[in-house]
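Trainee: As input, take target.cif (mmCIF, C-alpha atoms):
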data_run
loop_
_atom_site.group_PDB
_atom_site.id
_atom_site.type_symbol
_atom_site.label_atom_id
_atom_site.label_comp_id
_atom_site.auth_asym_id
_atom_site.auth_seq_id
_atom_site.Cartn_x
_atom_site.Cartn_y
_atom_site.Cartn_z
ATOM 1 C CA MET A 214 10.173 184.175 103.976
ATOM 2 C CA LEU A 215 9.898 181.237 101.506
ATOM 3 C CA ALA A 216 7.048 180.860 99.017
ATOM 4 C CA PHE A 217 6.591 177.896 96.681
ATOM 5 C CA ASP A 218 6.680 178.963 93.038
ATOM 6 C CA ARG A 219 6.591 175.893 90.782
ATOM 7 C CA HIS A 220 7.542 172.277 90.263
ATOM 8 C CA GLU A 221 9.328 170.690 87.317
ATOM 9 C CA PHE A 222 10.109 167.059 86.648
ATOM 10 C CA ILE A 223 12.627 165.633 84.198
ATOM 11 C CA ASN A 224 11.886 161.978 83.550
ATOM 12 C CA PHE A 225 14.659 160.290 81.605
ATOM 13 C CA ARG A 226 11.980 158.013 80.090
ATOM 14 C CA ASP A 227 10.792 161.012 78.078
ATOM 15 C CA PHE A 228 14.082 160.968 76.162
ATOM 16 C CA ASP A 229 15.597 158.309 73.934
ATOM 17 C CA PHE A 230 17.846 156.950 76.638
ATOM 18 C CA PRO A 231 18.795 153.319 77.340
ATOM 19 C CA ASP A 232 18.609 153.500 81.156
ATOM 20 C CA ALA A 233 15.457 155.445 81.844
ATOM 21 C CA ARG A 234 14.800 154.771 85.526
ATOM 22 C CA ARG A 235 16.344 158.091 86.471
ATOM 23 C CA TRP A 236 14.737 161.448 87.013
ATOM 24 C CA VAL A 237 15.297 164.939 88.403
ATOM 25 C CA ASP A 238 12.679 166.674 90.531
ATOM 26 C CA ILE A 239 12.961 170.463 90.787
ATOM 27 C CA LYS A 240 10.999 172.638 93.196
ATOM 28 C CA ARG A 241 11.404 176.390 92.924
ATOM 29 C CA PHE A 242 10.699 178.889 95.689
ATOM 30 C CA ARG A 243 10.819 182.660 96.090
ATOM 31 C CA LEU A 244 12.822 184.134 98.958
ATOM 32 C CA ALA A 245 11.570 187.177 100.842
ATOM 33 C CA PRO A 246 13.949 190.150 100.694
ATOM 34 C CA ASP A 247 14.468 189.846 104.454
ATOM 35 C CA ALA A 248 15.162 186.094 104.386
ATOM 36 C CA GLY A 249 17.586 185.103 107.119
ATOM 37 C CA ASP A 250 20.904 183.390 106.632
ATOM 38 C CA ASP A 251 21.162 180.120 104.737
ATOM 39 C CA ARG A 252 20.556 177.988 107.860
ATOM 40 C CA ASP A 253 17.287 179.895 108.455
ATOM 41 C CA VAL A 254 16.298 179.384 104.819
ATOM 42 C CA LEU A 255 17.109 175.659 105.005
ATOM 43 C CA ALA A 256 15.033 175.347 108.180
ATOM 44 C CA GLU A 257 12.108 177.011 106.461
ATOM 45 C CA LEU A 258 12.478 174.742 103.420
ATOM 46 C CA ILE A 259 12.546 171.641 105.633
ATOM 47 C CA GLY A 260 9.406 172.885 107.386
ATOM 48 C CA SER A 261 7.535 173.557 104.138
ATOM 49 C CA VAL A 262 4.753 171.325 102.872
ATOM 50 C CA GLU A 263 6.571 170.918 99.552
ATOM 51 C CA PHE A 264 9.525 169.275 101.323
ATOM 52 C CA ARG A 265 7.268 166.406 102.483
ATOM 53 C CA ASP A 266 7.921 164.262 99.445
ATOM 54 C CA ASP A 267 9.208 160.686 99.516
ATOM 55 C CA TYR A 268 10.067 160.878 95.809
ATOM 56 C CA ALA A 269 8.559 157.453 95.254
ATOM 57 C CA GLY A 270 5.635 158.486 93.094
ATOM 58 C CA GLY A 271 3.172 159.863 95.610
ATOM 59 C CA GLY A 272 4.274 163.473 95.354
ATOM 60 C CA ILE A 273 3.922 166.032 98.109
ATOM 61 C CA ASP A 274 2.142 164.678 101.187
ATOM 62 C CA PRO A 275 1.081 167.544 103.501
ATOM 63 C CA GLY A 276 0.929 165.149 106.460
ATOM 64 C CA GLY A 277 3.949 163.150 105.344
ATOM 65 C CA GLU A 278 6.723 162.043 107.644
ATOM 66 C CA ARG A 279 9.216 161.134 104.905
ATOM 67 C CA HIS A 280 11.611 163.031 102.692
ATOM 68 C CA GLY A 281 13.343 160.933 100.070
ATOM 69 C CA SER A 282 14.660 157.821 101.772
ATOM 70 C CA TRP A 283 14.670 159.310 105.259
ATOM 71 C CA TRP A 284 12.370 160.123 108.104
ATOM 72 C CA LEU A 285 11.660 163.837 107.911
ATOM 73 C CA ARG A 286 12.540 164.198 111.604
ATOM 74 C CA CYS A 287 16.151 163.207 110.780
ATOM 75 C CA ILE A 288 16.702 166.139 108.437
ATOM 76 C CA ALA A 289 17.815 169.507 109.810
ATOM 77 C CA PRO A 290 19.900 172.368 108.391
ATOM 78 C CA ALA A 291 22.999 170.743 109.895
ATOM 79 C CA ALA A 292 22.439 167.759 107.543
ATOM 80 C CA TYR A 293 23.472 169.982 104.623
ATOM 81 C CA THR A 294 27.038 170.703 103.558
ATOM 82 C CA ALA A 295 28.048 173.739 101.513
ATOM 83 C CA VAL A 296 29.419 172.858 98.072
ATOM 84 C CA ASP A 297 30.468 174.907 95.077
ATOM 85 C CA ALA A 298 28.649 174.988 91.760
ATOM 86 C CA ASP A 299 31.299 172.970 89.917
ATOM 87 C CA THR A 300 30.976 170.137 92.436
ATOM 88 C CA ALA A 301 27.167 170.159 92.316
ATOM 89 C CA VAL A 302 27.022 170.224 88.514
ATOM 90 C CA ALA A 303 29.699 167.533 88.186
ATOM 91 C CA THR A 304 27.854 165.271 90.643
ATOM 92 C CA VAL A 305 24.570 165.439 88.741
ATOM 93 C CA ASP A 306 26.277 165.270 85.343
ATOM 94 C CA THR A 307 28.358 162.213 86.303
ATOM 95 C CA TRP A 308 25.245 160.491 87.667
ATOM 96 C CA ALA A 309 23.208 161.336 84.532
ATOM 97 C CA ASN A 310 25.905 160.023 82.183
ATOM 98 C CA GLN A 311 27.211 157.110 84.228
ATOM 99 C CA PHE A 312 26.128 154.329 81.870
ATOM 100 C CA ASP A 313 25.775 156.054 78.516
ATOM 101 C CA PRO A 314 26.112 159.644 77.339
ATOM 102 C CA ALA A 315 22.807 161.462 77.730
ATOM 103 C CA PRO A 316 21.107 162.408 74.464
ATOM 104 C CA GLY A 317 21.350 166.031 73.360
ATOM 105 C CA ASP A 318 17.778 166.986 74.208
ATOM 106 C CA LEU A 319 18.211 165.657 77.760
ATOM 107 C CA VAL A 320 21.539 167.470 78.113
ATOM 108 C CA ALA A 321 19.848 170.709 77.018
ATOM 109 C CA ARG A 322 17.046 170.233 79.538
ATOM 110 C CA LEU A 323 19.492 169.469 82.366
ATOM 111 C CA GLU A 324 21.541 172.521 81.429
ATOM 112 C CA LYS A 325 18.518 174.812 81.465
ATOM 113 C CA ASP A 326 16.645 173.527 84.512
ATOM 114 C CA VAL A 327 19.395 172.055 86.721
ATOM 115 C CA TYR A 328 22.902 173.224 85.870
ATOM 116 C CA ALA A 329 22.064 176.886 85.156
ATOM 117 C CA PRO A 330 20.361 177.453 88.551
ATOM 118 C CA LEU A 331 23.234 175.669 90.305
ATOM 119 C CA ARG A 332 25.824 177.824 88.527
ATOM 120 C CA ALA A 333 23.873 181.026 89.249
ATOM 121 C CA ALA A 334 23.380 180.322 92.958
ATOM 122 C CA THR A 335 25.074 182.451 95.577
ATOM 123 C CA SER A 336 25.285 179.333 97.776
ATOM 124 C CA ILE A 337 24.602 175.623 97.352
ATOM 125 C CA HIS A 338 23.970 173.031 100.033
ATOM 126 C CA ARG A 339 24.055 169.268 99.551
ATOM 127 C CA LEU A 340 22.146 166.855 101.765
ATOM 128 C CA THR A 341 24.883 164.658 103.230
ATOM 129 C CA GLY A 342 24.194 164.387 106.947
ATOM 130 C CA VAL A 343 21.725 161.509 106.871
ATOM 131 C CA SER A 344 22.548 157.825 106.702
ATOM 132 C CA GLU A 345 20.966 154.425 106.299
ATOM 133 C CA ASP A 346 20.282 154.547 110.046
ATOM 134 C CA ASP A 347 17.842 157.366 109.254
ATOM 135 C CA PHE A 348 15.994 155.450 106.502
ATOM 136 C CA HIS A 349 12.241 155.286 106.909
ATOM 137 C CA ASP A 350 10.424 151.939 106.790
ATOM 138 C CA TRP A 351 11.008 151.472 103.036
ATOM 139 C CA GLY A 352 13.774 154.014 102.618
ATOM 140 C CA SER A 353 16.083 151.921 100.480
ATOM 141 C CA VAL A 354 13.818 152.358 97.441
ATOM 142 C CA HIS A 355 16.265 154.724 95.698
ATOM 143 C CA ILE A 356 19.463 153.371 94.211
ATOM 144 C CA GLU A 357 21.170 156.774 94.163
ATOM 145 C CA PHE A 358 19.789 159.993 95.624
ATOM 146 C CA TYR A 359 21.367 163.444 95.313
ATOM 147 C CA GLU A 360 19.830 166.560 96.783
ATOM 148 C CA PHE A 361 21.015 170.128 96.360
ATOM 149 C CA VAL A 362 19.524 173.395 97.594
ATOM 150 C CA ALA A 363 20.608 176.333 95.445
ATOM 151 C CA VAL A 364 20.063 179.730 97.059
ATOM 152 C CA ASP A 365 20.311 182.720 94.740
ATOM 153 C CA ARG A 366 20.068 185.900 96.763
ATOM 154 C CA ARG A 367 20.544 188.082 93.667
ATOM 155 C CA THR A 368 17.258 186.850 92.162
ATOM 156 C CA GLY A 369 15.554 185.985 95.455
ATOM 157 C CA THR A 370 15.092 182.329 94.542
ATOM 158 C CA LEU A 371 15.725 178.896 96.023
ATOM 159 C CA THR A 372 15.862 175.777 93.870
ATOM 160 C CA LEU A 373 15.569 172.316 95.408
ATOM 161 C CA VAL A 374 17.105 169.739 93.053
ATOM 162 C CA VAL A 375 16.649 166.014 93.683
ATOM 163 C CA ALA A 376 18.276 163.601 91.232
ATOM 164 C CA ALA A 377 17.573 159.920 91.813
ATOM 165 C CA ASP A 378 16.901 156.554 90.311
ATOM 166 C CA ASP A 379 14.774 153.645 91.345
#
Taking this structure as input, can you express it in the form of structure tokens?

Mentor:
Amino acid sequence: MLAFDRHEFINFRDFDFPDARRWVDIKRFRLAPDAGDDRDVLAELIGSVEFRDDYAGGGIDPGGERHGSWWLRCIAPAAYTAVDADTAVATVDTWANQFDPAPGDLVARLEKDVYAPLRAATSIHRLTGVSEDDFHDWGSVHIEFYEFVAVDRRTGTLTLVVAADD
């Protein structure tokens, strides 16, 4: 039902930007035509190998027990809240520009690889239902962490967007 397609990484250090400890990790998947409802798709994403990523530099860990700052076992479809595209884009854009305006080449990259898929999605889900109580043993490594799952049923794609800093 869900097949990994590709991974992209936007490191703010690659741009002329004063505060460069921020980045956006993008994982793209293909949805099967008979993919279930969004909760089924989220469950499959959470169960995928590509979701086992602590986003602390080690990348995907097939045997990993962490996702971002949290224990993987604490994340379920119910931990996601539906949001609209304007909210998702505004959240990432505010975070990206919180200290200084992002340079034009970074803005263009964010528009192409983050904002466009969010705007095109037929549904978007934001990870909100986990807390500091669910942190893994070194889970406070990220200063800010935003995760969105953009499902686009028209194109049969799912885009996992993680924007964070450390």

Trainee: Rounded to one decimal in Å, what is the spacing between atom CA of A:Thr370 and atom CA of A:Leu340?

Mentor: 18.5 Å

Trainee: Between A:Trp308, A:Phe242, A:Trp351, A:Phe361, single out the one closest to A:Leu331, counting all atoms listed in the file.

Mentor: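 Checking each candidate against A:Leu331, we get A:Phe361 as the closest.
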
Trainee: List as a VMD selection string the protein and nucleic acid residues near A:Asp346, meaning an atom at most 12 Å away when only C-alpha atoms are counted, but skip any in the same chain fewer than 6 places from it.

Mentor: chain A and resid 282 to 284 287 352 to 353

Trainee: Just to be explicit: take each residue in the selection above, keep C-alpha atoms, and write the result as an mmCIF file, in the coordinates of the input.

Mentor:
data_model
loop_
_atom_site.group_PDB
_atom_site.id
_atom_site.type_symbol
_atom_site.label_atom_id
_atom_site.label_comp_id
_atom_site.auth_asym_id
_atom_site.auth_seq_id
_atom_site.Cartn_x
_atom_site.Cartn_y
_atom_site.Cartn_z
ATOM 1 C CA SER A 282 14.660 157.821 101.772
ATOM 2 C CA TRP A 283 14.670 159.310 105.259
ATOM 3 C CA TRP A 284 12.370 160.123 108.104
ATOM 4 C CA CYS A 287 16.151 163.207 110.780
ATOM 5 C CA GLY A 352 13.774 154.014 102.618
ATOM 6 C CA SER A 353 16.083 151.921 100.480
#

Trainee: Nearest residue to A:Arg286 out of A:Ala269, A:Val343, A:Ala303, A:Ala329, using only C-alpha atoms?

Mentor: A:Val343

Trainee: Which residue out of A:Asp218, A:Ala256, A:Tyr328, A:Trp236 has the minimum interatomic distance to A:Thr304 when all atoms listed in the file are used?

Mentor: A:Tyr328

Trainee: Hey, can you check how far atom CA of A:Ala363 sits from atom CA of A:Asp227?

Mentor: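 If I compute the distance from atom CA of A:Ala363 to atom CA of A:Asp227, I get 25.2 Å.
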
Trainee: Please enumerate the residues selected by the PyMOL selection byres ((chain A and resi 375) around 9) when evaluated against the supplied file, formatted as a list of chain:residue names.

Mentor: A:Trp236, A:Val237, A:Asp238, A:Ile239, A:Lys240, A:Tyr268, A:Gly281, A:Phe358, A:Tyr359, A:Glu360, A:Phe361, A:Val362, A:Leu373, A:Val374, A:Ala376, A:Ala377

Trainee: Fewer than 4 positions away in the same chain doesn't count, so skip those; otherwise give me all residues within 8 Å of A:Ala298, counting only C-alpha atoms, as a ChimeraX atom specification.

Mentor: /A:302,331-332,334,337

Trainee: Measuring atom to atom with only C-alpha atoms, identify which of A:Gly369, A:Pro246, A:Gly277, A:Pro290 is nearest to A:Leu258.

Mentor: A:Pro290

Trainee: To one decimal in Å, tell me the separation between atom CA of A:Val327 and atom CA of A:Arg235.

Mentor: 14.3 Å

Trainee: Using all atoms listed in the file, which of the listed residues (A:Arg366, A:Arg243, A:His280, A:Asp306) sits closest to A:Ala321?

Mentor: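 Of the candidates, the smallest distance to A:Ala321 is held by A:Asp306.
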
Trainee: Quick one: of A:Gly317, A:Gln311, A:Glu263, A:Leu323, who's nearest to A:Arg279, counting only C-alpha atoms?

Mentor: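 With only C-alpha atoms as the atom set, the closest residue is A:Glu263.
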
Trainee: Excluding A:Arg234 and residues on its chain fewer than 3 positions from it, collect all residues at most 8 Å away from it, counting all atoms listed in the file, and give them as a ChimeraX atom specification.

Mentor: /A:225-226,378-379
